[in-house]
Amino acid sequence: MFTKIKKYIVTATLLPLMAVLLMQCDKIEGPVHQEQSSQVDTTCSFVADNSPVKKKVLIEEYTGFLCGNCPIGSVYLNDTLQPLYGDSLVVISVHAGSFSIPCGTTGSVCPPGVPSGSFQTDFKSPTGQDWFSLFGVNWYPVGIVDRIGYPNAMLSAKTQWKTKINNEFTRAPEARIRIQNTYDEATRKLRTCVETKFLNAGTDTLKLQVVLLEDSVPDWQLWYNHVPDEYVNGYMHRHILRTDLNGSFGTTLVSGTYAADSTIVSGYVSTINPAWDADHCIVVAFVYDAGNYRVLQVEDLHVK
Amino acid sequence: MKRVVPFAFLLFSSTLVTSLAGAQGLAGTPVHGNFQFDGQYYVPDSIIGAPNPPDEKFLNNAFANFNYESDNFLAGLRYESYLNPLLGFDPLYKGSGISYRYLTYRNDKLEVTAGNFYEQFGSGLTFRSYEERQLGVDNAMDGIRVRIKPVNGVYLKGLVGRQRNFWTLGEGILRGGDAELNFNEAFTSWNTKKTQLIIGGSFMSKYQSDQNPDYILPENVGCGGGRISLMNGGWTLSSEYSHKINDPSTINNYIYKDGNAFLVNLGYNQKGFAVLLSAKNIDNMSYRSERDATGNSLNINYLPALTKTHTYLLPAIYPYATQPNGEVAYQGEVFFNLKPNSPLGGQYGTDLTVNYSRATDIYKTNLNDSTGYTTSFFKPGDEVFFEDFNVEINHKWSKSLRTILTYVYLNYNKDVIEGRDGFGHVYSHSGILETIWKITSKKTLRTELQHLYTKQDQQSWAVVLAEYTISPKWSFAAFDEYNYGNTHTDLGGKYDQRIHYFTGTVAFTNNANRFSLGYGRQRAGIICVGGVCRNVPASSGLSVSITSSF
Amino acid sequence: MKKIAALALLLSLAVMVRAQEAKETLLFKQLPAVDVKLMNGERVNTSTFANDGKPIIIDFWATWCKPCIEELNTIHDLYPDWQKATGVKVITISVDDARTMTRVAPFVNGKGWTYESYVDPNGDFKRAMNVNMPPHTFVLNGKGEVIWQHVGFAEGNEEELYEVVKKVAAETK
């Protein structure tokens, strides 16, 4: 009789565990297709051009307006590193995680004593949150250069950025990316064409990621030890990642063997959010390895 | 997915093997081990600021150790699986595999280990490689270690290797050694002396190449020191000192100043009474395998906090962690055991403990050059980091009733300890009454009533906890952590942070196997180390925990 | 695939729970030989733990572990009776690390415990005995074999522990 009771107790406690483990089911109730914020455009065409290709490097900076230690990183990136490399360095500033949650929203890490009405803008984007989760960003400020070092050695401190960028510039360019933007003020419709040309033959799965940034947005920023005040209003936020044009992780360009000089043209039509200033919007496109996320080449172009 | 199946199979087969071995009483199979699985199923809970649980919904940490031991030969391995790691654990743990494996040969005088090992020199001020699985800390060495006992009383250690960094190894190559001499064991003239004397010295050096275009960085950074321990009757005196040469890093903001750490303990104890006094001075002693490592990664040494670890929920809201860049700390503690039938002892006796600790920064004179600053030995600065005064009275009223009454005063410098700004100091007073009532010989009810009063931060909290145990197998517990004093209001003027963090758990223990299920809410936490910040989000859900030793 | 994994997990749990019972099984033929320290820093190898053929209780605890302190307090009240009847010796191993290790000696003496006390500062013995979390208690028989273990403590557990010790003492007579 006691073994029966024991068996019953064991099953009683196992059932909830079973329920927990088997509950990993996301039942999808239609619609099945992802709502695309942008649509594919097949009318793009590019004129032939044989000018030399130079290698450009991508650096993603993970930050937040309530991250008091972050401005030191951003200022170094924008005022020291960017002028050093010119347009060969492409910067994306990703606002993700708890330090980007506006004050007053639950989960915010707002210190007491912030000026009322401050830190209300939400600079987060679903794209940025997806990258933040995948790359395991868990401290700030963090820079990821050309997405090298996946999965454990991607996150770099400010003191490592220059070394890593220099290392990336020693590589020969592997692809050429060209962008064309056509923007209609009245409808706020943006037509982006991207041409990717692989300079050498190879075998791999390579993806193209196209994103939209908004540059030079004045807003609040917490800046530890800043004089005269740590709550800086009118701080110039640069290169803010706003959205993607082809999914959080882009679309596959090639999967398998490809020849030298093979070219693929992609086109997207999207509408720029009325809250964003189209004069300061930039399209960034980069090609990366689907297996280890390494960025082969990057290019950017202003919308207007 | 590919990894879960082999892991599940491994688990299944290991438990089958060990249960068979146990049930049939096979003559002590030489393979032993343990296993732990912690999983949590997260549910959306917008009240605590967690409206979006992680995409995976179910996160878990698990590990299994297998060890083989014979007279001269030891071997073992550990398999860890974080698919994906629980919230609050570093996401870099994502993955699974064999994270620890070793082979050891030993005889009377010599022991050699190849593979992974843990080791500590003295108190760890120069070197400590250890694991604290519940906190996600593991800086295991991967390399070679030799321990030699050439003559009585002399203990020598040498090692070379690199440290674990989640699923990879730190860049730095570590090499070091330790020597310890126990006078009473080594010298016949000391064999019968009442005084016991042990002295030791250790040295560690790390190599990391300099690829930095802006700085000329030292590639070999050495750290070394000595220690002494003296004991006579009820008196003990122990002290350790460690010095590190220039080591610019992210944690110390790339300054070239040397670092040093000093620790001293003086104690007197006899039956029923003990006193302990400790003091510590830390100056620029963050020492890691990689210059740019932060958080819990790649620490070579261990700088202990000189404060009491509080296990009650409310005082544990404000824990202290050593500030490696500079700290002066003191601690004093007195234990009394008031004997049974003495005036204050009552019929069964009372234990009384009084403890005080204080940590401040060091006095720094800033230099506008690469050295950073200068300071003097044991010179405190003006800023108080932490202060803790607590009293505990543990009294047994009868064979079936015991109470523990505790008072804790904390001064917590939230800005420095959490690495942020704008929060200032948190001053709190806590009172806790714990009652243990043995209802019958097998059934016990333990209750806790806690109250934390503070005007800063999230203001006041109260906790009510009850734990009912049926010896030896069952335990049921429920507690509510209520932030009743929070005056934060939402846009409508309503108090929106007065939240109940309620949790209920059931646990079943059978010898060395424990299985528990819990459901509830967890508070958020935030921490910043060396100019770099992390956040642990609030969460809600069902948690499962299984541990076993075999 | 997911379901197979979940099933395997449940199955192993069931096997584990049903197989182990509160009876004697041989866990270790002899104690792993590891260096631990006396509270004054002196090294002692665990292979020297002996009690003249009588039972030994080895108890892993820490100054920050409340159930551990409860267990040792409870046993302390009964220790004289237990020693008289069975000759058992209690050996306590503290897993406090450098942060709390200096508190061990004052703590033990302050409470007036009369156990043989050691510290295991870097967890070497704890790892060798496969201890996950304190409290974790082992019983050794007269031959030095480890024949019983238990994790956690609740008032009343000391009775089960004493039953095992009595059984061991009777066997070795």
# chains A, B, ... in the order shown; residues from 1 in each chain; ligands from 1
>>> residues_around(residues="Gly520 (chain B)", least_positions_apart="2", cutoff="9 Å", atoms="only C-alpha atoms", output="list in words")
Tyr501, Phe502, Thr503, Gly504, Thr505, Gly518, Gln522, Ser539, Ser540, Gly541, Leu542 and Ser543 of chain B
>>> write_last_selection(atoms="all heavy atoms", output="compact mmCIF listing (two decimals), in the first residue's frame")
# COMPACT_ATOMS: atom_id res chain seq x y z
N TYR B 501 5.49 40.56 -3.85
CA TYR B 501 6.28 39.54 -4.54
C TYR B 501 6.06 38.25 -3.77
O TYR B 501 6.70 37.97 -2.77
CB TYR B 501 7.77 39.92 -4.55
CG TYR B 501 8.06 41.12 -5.43
CD1 TYR B 501 7.95 42.41 -4.92
CD2 TYR B 501 8.42 40.96 -6.75
CE1 TYR B 501 8.20 43.50 -5.72
CE2 TYR B 501 8.69 42.06 -7.56
CZ TYR B 501 8.56 43.33 -7.04
OH TYR B 501 8.80 44.42 -7.83
N PHE B 502 5.09 37.48 -4.26
CA PHE B 502 4.68 36.29 -3.54
C PHE B 502 5.30 35.04 -4.17
O PHE B 502 5.36 34.93 -5.37
CB PHE B 502 3.15 36.19 -3.57
CG PHE B 502 2.62 34.98 -2.87
CD1 PHE B 502 2.49 34.96 -1.50
CD2 PHE B 502 2.30 33.85 -3.60
CE1 PHE B 502 2.03 33.83 -0.85
CE2 PHE B 502 1.83 32.72 -2.96
CZ PHE B 502 1.70 32.71 -1.59
N THR B 503 5.76 34.11 -3.36
CA THR B 503 6.31 32.86 -3.87
C THR B 503 5.88 31.70 -3.00
O THR B 503 5.85 31.81 -1.78
CB THR B 503 7.85 32.91 -3.86
OG1 THR B 503 8.29 34.04 -4.60
CG2 THR B 503 8.46 31.67 -4.48
N GLY B 504 5.55 30.55 -3.64
CA GLY B 504 5.23 29.33 -2.90
C GLY B 504 6.10 28.20 -3.41
O GLY B 504 6.34 28.12 -4.62
N THR B 505 6.62 27.36 -2.52
CA THR B 505 7.43 26.23 -2.98
C THR B 505 7.07 24.94 -2.25
O THR B 505 6.65 24.96 -1.09
CB THR B 505 8.95 26.44 -2.77
OG1 THR B 505 9.16 26.74 -1.39
CG2 THR B 505 9.53 27.53 -3.61
N GLY B 518 8.42 25.61 -7.50
CA GLY B 518 8.02 26.86 -6.87
C GLY B 518 7.32 27.73 -7.88
O GLY B 518 7.50 27.58 -9.09
N GLN B 522 9.91 37.50 -8.76
CA GLN B 522 11.26 37.86 -8.32
C GLN B 522 11.52 39.32 -8.62
O GLN B 522 11.24 39.79 -9.73
CB GLN B 522 12.24 37.02 -9.12
CG GLN B 522 13.28 36.35 -8.29
CD GLN B 522 14.18 35.50 -9.17
OE1 GLN B 522 13.75 34.95 -10.17
NE2 GLN B 522 15.42 35.42 -8.79
N SER B 539 11.07 39.04 -12.80
CA SER B 539 10.47 37.93 -13.54
C SER B 539 9.42 37.24 -12.69
O SER B 539 9.37 37.40 -11.47
CB SER B 539 11.53 36.93 -13.98
OG SER B 539 12.15 36.37 -12.85
N SER B 540 8.62 36.43 -13.36
CA SER B 540 7.51 35.74 -12.71
C SER B 540 7.37 34.39 -13.36
O SER B 540 7.51 34.27 -14.58
CB SER B 540 6.26 36.57 -12.98
OG SER B 540 5.34 36.42 -11.97
N GLY B 541 7.09 33.36 -12.57
CA GLY B 541 6.86 32.08 -13.23
C GLY B 541 7.05 30.88 -12.33
O GLY B 541 7.14 30.99 -11.10
N LEU B 542 7.10 29.73 -12.97
CA LEU B 542 7.20 28.44 -12.28
C LEU B 542 8.65 27.98 -12.31
O LEU B 542 9.25 27.95 -13.37
CB LEU B 542 6.32 27.42 -13.02
CG LEU B 542 6.34 25.98 -12.51
CD1 LEU B 542 5.56 25.88 -11.21
CD2 LEU B 542 5.72 25.04 -13.55
N SER B 543 9.20 27.61 -11.16
CA SER B 543 10.59 27.14 -11.17
C SER B 543 10.68 25.70 -10.69
O SER B 543 9.93 25.27 -9.82
CB SER B 543 11.48 28.04 -10.33
OG SER B 543 11.00 28.13 -9.04
>>> residues_around(residues="region 89-102 of chain B", least_positions_apart="6", cutoff="10 Å", atoms="only C-alpha atoms", output="PyMOL selection string")
(chain A and resi 133-139+151-153) or (chain B and resi 3-4+7+61-67+74-83+113-117+134-137+140-144+164-168+295-297+534+536)
>>> interface_residues(of="chain A", to="chain B", cutoff="7 Å", atoms="only C-alpha atoms", output="VMD selection string")
chain A and resid 20 69 98 104 106 to 107 111 to 112 136 138 to 141 152 157 163 224
>>> atom_distance(atom1="CA of Pro30 (chain B)", atom2="CA of Val151 (chain C)")
21.3 Å
>>> residues_around(residues="Gln39 (chain A)", least_positions_apart="2", cutoff="12 Å", atoms="only C-alpha atoms", output="list in words")
Gln34, Glu35, Gln36, Ser37, Asp41, Thr42, Lys189, Leu190, Arg191, Thr192, Cys193, Asp244, Leu245, Asn246, Gly247, Ser266, Gly267, Tyr268, Val269, Ser270 and Thr271 of chain A
>>> write_last_selection(atoms="N, CA, C and O atoms", output="PDB file, in the first residue's frame")
ATOM      1  N   GLN A  34       4.463  36.832 -41.874  1.00  0.00           N
ATOM      2  CA  GLN A  34       4.951  37.969 -41.095  1.00  0.00           C
ATOM      3  C   GLN A  34       4.536  39.261 -41.774  1.00  0.00           C
ATOM      4  O   GLN A  34       4.675  39.406 -42.959  1.00  0.00           O
ATOM      5  N   GLU A  35       4.024  40.191 -40.997  1.00  0.00           N
ATOM      6  CA  GLU A  35       3.680  41.500 -41.544  1.00  0.00           C
ATOM      7  C   GLU A  35       4.958  42.224 -41.900  1.00  0.00           C
ATOM      8  O   GLU A  35       5.721  42.586 -41.034  1.00  0.00           O
ATOM      9  N   GLN A  36       5.217  42.425 -43.140  1.00  0.00           N
ATOM     10  CA  GLN A  36       6.437  43.122 -43.526  1.00  0.00           C
ATOM     11  C   GLN A  36       6.204  44.613 -43.485  1.00  0.00           C
ATOM     12  O   GLN A  36       5.214  45.096 -44.024  1.00  0.00           O
ATOM     13  N   SER A  37       7.141  45.324 -42.835  1.00  0.00           N
ATOM     14  CA  SER A  37       6.994  46.781 -42.812  1.00  0.00           C
ATOM     15  C   SER A  37       7.444  47.360 -44.138  1.00  0.00           C
ATOM     16  O   SER A  37       7.189  48.486 -44.456  1.00  0.00           O
ATOM     17  N   ASP A  41      10.982  45.262 -53.906  1.00  0.00           N
ATOM     18  CA  ASP A  41      10.839  45.999 -55.178  1.00  0.00           C
ATOM     19  C   ASP A  41      11.769  45.328 -56.183  1.00  0.00           C
ATOM     20  O   ASP A  41      12.951  45.140 -55.925  1.00  0.00           O
ATOM     21  N   THR A  42      11.223  44.954 -57.332  1.00  0.00           N
ATOM     22  CA  THR A  42      12.062  44.251 -58.312  1.00  0.00           C
ATOM     23  C   THR A  42      12.459  45.121 -59.494  1.00  0.00           C
ATOM     24  O   THR A  42      12.906  44.632 -60.514  1.00  0.00           O
ATOM     25  N   LYS A 189       7.480  57.820 -48.794  1.00  0.00           N
ATOM     26  CA  LYS A 189       7.862  56.505 -49.267  1.00  0.00           C
ATOM     27  C   LYS A 189       9.337  56.521 -49.687  1.00  0.00           C
ATOM     28  O   LYS A 189       9.780  57.400 -50.408  1.00  0.00           O
ATOM     29  N   LEU A 190      10.048  55.511 -49.231  1.00  0.00           N
ATOM     30  CA  LEU A 190      11.466  55.377 -49.554  1.00  0.00           C
ATOM     31  C   LEU A 190      11.650  54.129 -50.387  1.00  0.00           C
ATOM     32  O   LEU A 190      11.192  53.039 -50.039  1.00  0.00           O
ATOM     33  N   ARG A 191      12.339  54.269 -51.527  1.00  0.00           N
ATOM     34  CA  ARG A 191      12.647  53.111 -52.366  1.00  0.00           C
ATOM     35  C   ARG A 191      14.168  52.940 -52.278  1.00  0.00           C
ATOM     36  O   ARG A 191      14.922  53.826 -52.645  1.00  0.00           O
ATOM     37  N   THR A 192      14.578  51.802 -51.764  1.00  0.00           N
ATOM     38  CA  THR A 192      16.012  51.537 -51.598  1.00  0.00           C
ATOM     39  C   THR A 192      16.426  50.393 -52.496  1.00  0.00           C
ATOM     40  O   THR A 192      15.815  49.320 -52.453  1.00  0.00           O
ATOM     41  N   CYS A 193      17.447  50.594 -53.310  1.00  0.00           N
ATOM     42  CA  CYS A 193      18.002  49.530 -54.140  1.00  0.00           C
ATOM     43  C   CYS A 193      19.398  49.205 -53.633  1.00  0.00           C
ATOM     44  O   CYS A 193      20.181  50.115 -53.368  1.00  0.00           O
ATOM     45  N   ASP A 244      14.447  47.877 -39.531  1.00  0.00           N
ATOM     46  CA  ASP A 244      15.103  47.143 -40.614  1.00  0.00           C
ATOM     47  C   ASP A 244      14.203  47.192 -41.846  1.00  0.00           C
ATOM     48  O   ASP A 244      13.013  47.460 -41.730  1.00  0.00           O
ATOM     49  N   LEU A 245      14.783  46.936 -43.001  1.00  0.00           N
ATOM     50  CA  LEU A 245      13.981  46.910 -44.222  1.00  0.00           C
ATOM     51  C   LEU A 245      13.777  45.485 -44.726  1.00  0.00           C
ATOM     52  O   LEU A 245      13.008  45.271 -45.650  1.00  0.00           O
ATOM     53  N   ASN A 246      14.493  44.521 -44.149  1.00  0.00           N
ATOM     54  CA  ASN A 246      14.317  43.143 -44.619  1.00  0.00           C
ATOM     55  C   ASN A 246      14.419  42.134 -43.481  1.00  0.00           C
ATOM     56  O   ASN A 246      15.006  41.076 -43.634  1.00  0.00           O
ATOM     57  N   GLY A 247      13.808  42.441 -42.325  1.00  0.00           N
ATOM     58  CA  GLY A 247      13.820  41.488 -41.218  1.00  0.00           C
ATOM     59  C   GLY A 247      14.974  41.752 -40.263  1.00  0.00           C
ATOM     60  O   GLY A 247      15.961  42.364 -40.639  1.00  0.00           O
ATOM     61  N   SER A 266      18.886  43.805 -54.883  1.00  0.00           N
ATOM     62  CA  SER A 266      17.689  43.702 -54.031  1.00  0.00           C
ATOM     63  C   SER A 266      17.052  45.076 -53.935  1.00  0.00           C
ATOM     64  O   SER A 266      17.750  46.085 -53.958  1.00  0.00           O
ATOM     65  N   GLY A 267      15.726  45.100 -53.790  1.00  0.00           N
ATOM     66  CA  GLY A 267      15.044  46.398 -53.676  1.00  0.00           C
ATOM     67  C   GLY A 267      13.950  46.356 -52.638  1.00  0.00           C
ATOM     68  O   GLY A 267      13.318  45.324 -52.426  1.00  0.00           O
ATOM     69  N   TYR A 268      13.757  47.457 -51.940  1.00  0.00           N
ATOM     70  CA  TYR A 268      12.742  47.521 -50.891  1.00  0.00           C
ATOM     71  C   TYR A 268      12.003  48.840 -50.940  1.00  0.00           C
ATOM     72  O   TYR A 268      12.601  49.875 -51.212  1.00  0.00           O
ATOM     73  N   VAL A 269      10.696  48.765 -50.638  1.00  0.00           N
ATOM     74  CA  VAL A 269       9.907  49.985 -50.535  1.00  0.00           C
ATOM     75  C   VAL A 269       9.356  50.052 -49.120  1.00  0.00           C
ATOM     76  O   VAL A 269       8.806  49.079 -48.616  1.00  0.00           O
ATOM     77  N   SER A 270       9.553  51.182 -48.448  1.00  0.00           N
ATOM     78  CA  SER A 270       9.031  51.308 -47.085  1.00  0.00           C
ATOM     79  C   SER A 270       8.585  52.741 -46.856  1.00  0.00           C
ATOM     80  O   SER A 270       8.869  53.622 -47.661  1.00  0.00           O
ATOM     81  N   THR A 271       7.884  52.944 -45.772  1.00  0.00           N
ATOM     82  CA  THR A 271       7.431  54.295 -45.430  1.00  0.00           C
ATOM     83  C   THR A 271       8.162  54.757 -44.187  1.00  0.00           C
ATOM     84  O   THR A 271       8.205  54.042 -43.190  1.00  0.00           O
TER      85      THR A 271
END
>>> residues_around(residues="Ser117 (chain C)", least_positions_apart="6", cutoff="7 Å", atoms="only C-alpha atoms", output="list in words")
Leu38, Ile91, Thr92 and Ile93 of chain C
>>> residues_around(residues="region 175-185 of chain B", least_positions_apart="6", cutoff="10 Å", atoms="only C-alpha atoms", output="PyMOL selection string")
(chain B and resi 120-122+126-127+143-149+151-162+191-207+222-229) or (chain C and resi 41-43)
>>> atom_distance(atom1="CA of Tyr453 (chain B)", atom2="CA of Ser430 (chain B)")
6.2 Å
>>> select_by_dssp(residues="region 166-329 of chain B", states="alpha helix (DSSP H)", output="ChimeraX atom specification")
/B:183-186
>>> write_last_selection(atoms="all heavy atoms", output="mmCIF file, in the first residue's frame")
data_model
loop_
_atom_site.group_PDB
_atom_site.id
_atom_site.type_symbol
_atom_site.label_atom_id
_atom_site.label_comp_id
_atom_site.auth_asym_id
_atom_site.auth_seq_id
_atom_site.Cartn_x
_atom_site.Cartn_y
_atom_site.Cartn_z
ATOM 1 N N PHE B 183 55.823 25.537 10.931
ATOM 2 C CA PHE B 183 56.923 25.356 11.869
ATOM 3 C C PHE B 183 56.740 24.144 12.773
ATOM 4 O O PHE B 183 57.679 23.402 13.041
ATOM 5 C CB PHE B 183 57.085 26.609 12.748
ATOM 6 C CG PHE B 183 57.918 27.658 12.098
ATOM 7 C CD1 PHE B 183 57.495 28.306 10.946
ATOM 8 C CD2 PHE B 183 59.144 28.016 12.630
ATOM 9 C CE1 PHE B 183 58.272 29.290 10.339
ATOM 10 C CE2 PHE B 183 59.927 28.989 12.031
ATOM 11 C CZ PHE B 183 59.505 29.617 10.886
ATOM 12 N N ASN B 184 55.507 23.947 13.247
ATOM 13 C CA ASN B 184 55.262 22.866 14.196
ATOM 14 C C ASN B 184 55.412 21.496 13.564
ATOM 15 O O ASN B 184 55.736 20.533 14.231
ATOM 16 C CB ASN B 184 53.871 22.995 14.815
ATOM 17 C CG ASN B 184 53.681 24.347 15.446
ATOM 18 O OD1 ASN B 184 53.498 25.339 14.743
ATOM 19 N ND2 ASN B 184 53.746 24.414 16.755
ATOM 20 N N GLU B 185 55.189 21.400 12.256
ATOM 21 C CA GLU B 185 55.354 20.103 11.593
ATOM 22 C C GLU B 185 56.778 19.909 11.131
ATOM 23 O O GLU B 185 57.295 18.805 11.084
ATOM 24 C CB GLU B 185 54.440 20.032 10.361
ATOM 25 C CG GLU B 185 52.986 19.746 10.662
ATOM 26 C CD GLU B 185 52.131 19.776 9.404
ATOM 27 O OE1 GLU B 185 52.666 19.536 8.295
ATOM 28 O OE2 GLU B 185 50.928 20.059 9.522
ATOM 29 N N ALA B 186 57.429 21.023 10.738
ATOM 30 C CA ALA B 186 58.748 20.910 10.111
ATOM 31 C C ALA B 186 59.895 20.754 11.109
ATOM 32 O O ALA B 186 60.828 19.995 10.867
ATOM 33 C CB ALA B 186 58.989 22.129 9.233
#
>>> closest_residue(among="B:Asn269, B:Thr487, B:Ser278, B:Ser376", to="chain C", atoms="only C-alpha atoms")
B:Asn269
>>> decode(residues="region 264-280 of chain A", atoms="N, CA, C and O atoms", output="mmCIF file, in the first residue's frame")
data_model
loop_
_atom_site.group_PDB
_atom_site.id
_atom_site.type_symbol
_atom_site.label_atom_id
_atom_site.label_comp_id
_atom_site.auth_asym_id
_atom_site.auth_seq_id
_atom_site.Cartn_x
_atom_site.Cartn_y
_atom_site.Cartn_z
ATOM 1 N N ILE A 264 24.076 40.463 -57.134
ATOM 2 C CA ILE A 264 22.662 40.287 -56.792
ATOM 3 C C ILE A 264 22.089 41.654 -56.464
ATOM 4 O O ILE A 264 22.705 42.434 -55.733
ATOM 5 N N VAL A 265 20.920 41.930 -57.037
ATOM 6 C CA VAL A 265 20.280 43.225 -56.786
ATOM 7 C C VAL A 265 19.028 43.009 -55.944
ATOM 8 O O VAL A 265 18.237 42.122 -56.212
ATOM 9 N N SER A 266 18.886 43.805 -54.883
ATOM 10 C CA SER A 266 17.689 43.702 -54.031
ATOM 11 C C SER A 266 17.052 45.076 -53.935
ATOM 12 O O SER A 266 17.750 46.085 -53.958
ATOM 13 N N GLY A 267 15.726 45.100 -53.790
ATOM 14 C CA GLY A 267 15.044 46.398 -53.676
ATOM 15 C C GLY A 267 13.950 46.356 -52.638
ATOM 16 O O GLY A 267 13.318 45.324 -52.426
ATOM 17 N N TYR A 268 13.757 47.457 -51.940
ATOM 18 C CA TYR A 268 12.742 47.521 -50.891
ATOM 19 C C TYR A 268 12.003 48.840 -50.940
ATOM 20 O O TYR A 268 12.601 49.875 -51.212
ATOM 21 N N VAL A 269 10.696 48.765 -50.638
ATOM 22 C CA VAL A 269 9.907 49.985 -50.535
ATOM 23 C C VAL A 269 9.356 50.052 -49.120
ATOM 24 O O VAL A 269 8.806 49.079 -48.616
ATOM 25 N N SER A 270 9.553 51.182 -48.448
ATOM 26 C CA SER A 270 9.031 51.308 -47.085
ATOM 27 C C SER A 270 8.585 52.741 -46.856
ATOM 28 O O SER A 270 8.869 53.622 -47.661
ATOM 29 N N THR A 271 7.884 52.944 -45.772
ATOM 30 C CA THR A 271 7.431 54.295 -45.430
ATOM 31 C C THR A 271 8.162 54.757 -44.187
ATOM 32 O O THR A 271 8.205 54.042 -43.190
ATOM 33 N N ILE A 272 8.741 55.964 -44.234
ATOM 34 C CA ILE A 272 9.484 56.463 -43.073
ATOM 35 C C ILE A 272 8.492 57.031 -42.070
ATOM 36 O O ILE A 272 7.644 57.864 -42.397
ATOM 37 N N ASN A 273 8.612 56.535 -40.823
ATOM 38 C CA ASN A 273 7.760 56.964 -39.716
ATOM 39 C C ASN A 273 7.730 58.495 -39.611
ATOM 40 O O ASN A 273 8.772 59.135 -39.640
ATOM 41 N N PRO A 274 6.544 59.098 -39.534
ATOM 42 C CA PRO A 274 6.452 60.569 -39.475
ATOM 43 C C PRO A 274 7.214 61.194 -38.306
ATOM 44 O O PRO A 274 7.604 62.356 -38.367
ATOM 45 N N ALA A 275 7.457 60.410 -37.246
ATOM 46 C CA ALA A 275 8.189 60.964 -36.105
ATOM 47 C C ALA A 275 9.679 61.132 -36.404
ATOM 48 O O ALA A 275 10.387 61.813 -35.668
ATOM 49 N N TRP A 276 10.166 60.501 -37.454
ATOM 50 C CA TRP A 276 11.595 60.576 -37.768
ATOM 51 C C TRP A 276 11.849 61.647 -38.823
ATOM 52 O O TRP A 276 11.059 61.849 -39.722
ATOM 53 N N ASP A 277 13.009 62.274 -38.707
ATOM 54 C CA ASP A 277 13.352 63.356 -39.626
ATOM 55 C C ASP A 277 14.064 62.764 -40.850
ATOM 56 O O ASP A 277 15.219 62.339 -40.766
ATOM 57 N N ALA A 278 13.397 62.734 -41.980
ATOM 58 C CA ALA A 278 13.958 62.111 -43.177
ATOM 59 C C ALA A 278 15.263 62.761 -43.618
ATOM 60 O O ALA A 278 16.107 62.125 -44.243
ATOM 61 N N ASP A 279 15.469 64.039 -43.270
ATOM 62 C CA ASP A 279 16.704 64.725 -43.648
ATOM 63 C C ASP A 279 17.922 64.070 -42.983
ATOM 64 O O ASP A 279 19.047 64.198 -43.467
ATOM 65 N N HIS A 280 17.698 63.418 -41.849
ATOM 66 C CA HIS A 280 18.815 62.826 -41.123
ATOM 67 C C HIS A 280 18.822 61.308 -41.188
ATOM 68 O O HIS A 280 19.566 60.665 -40.481
#
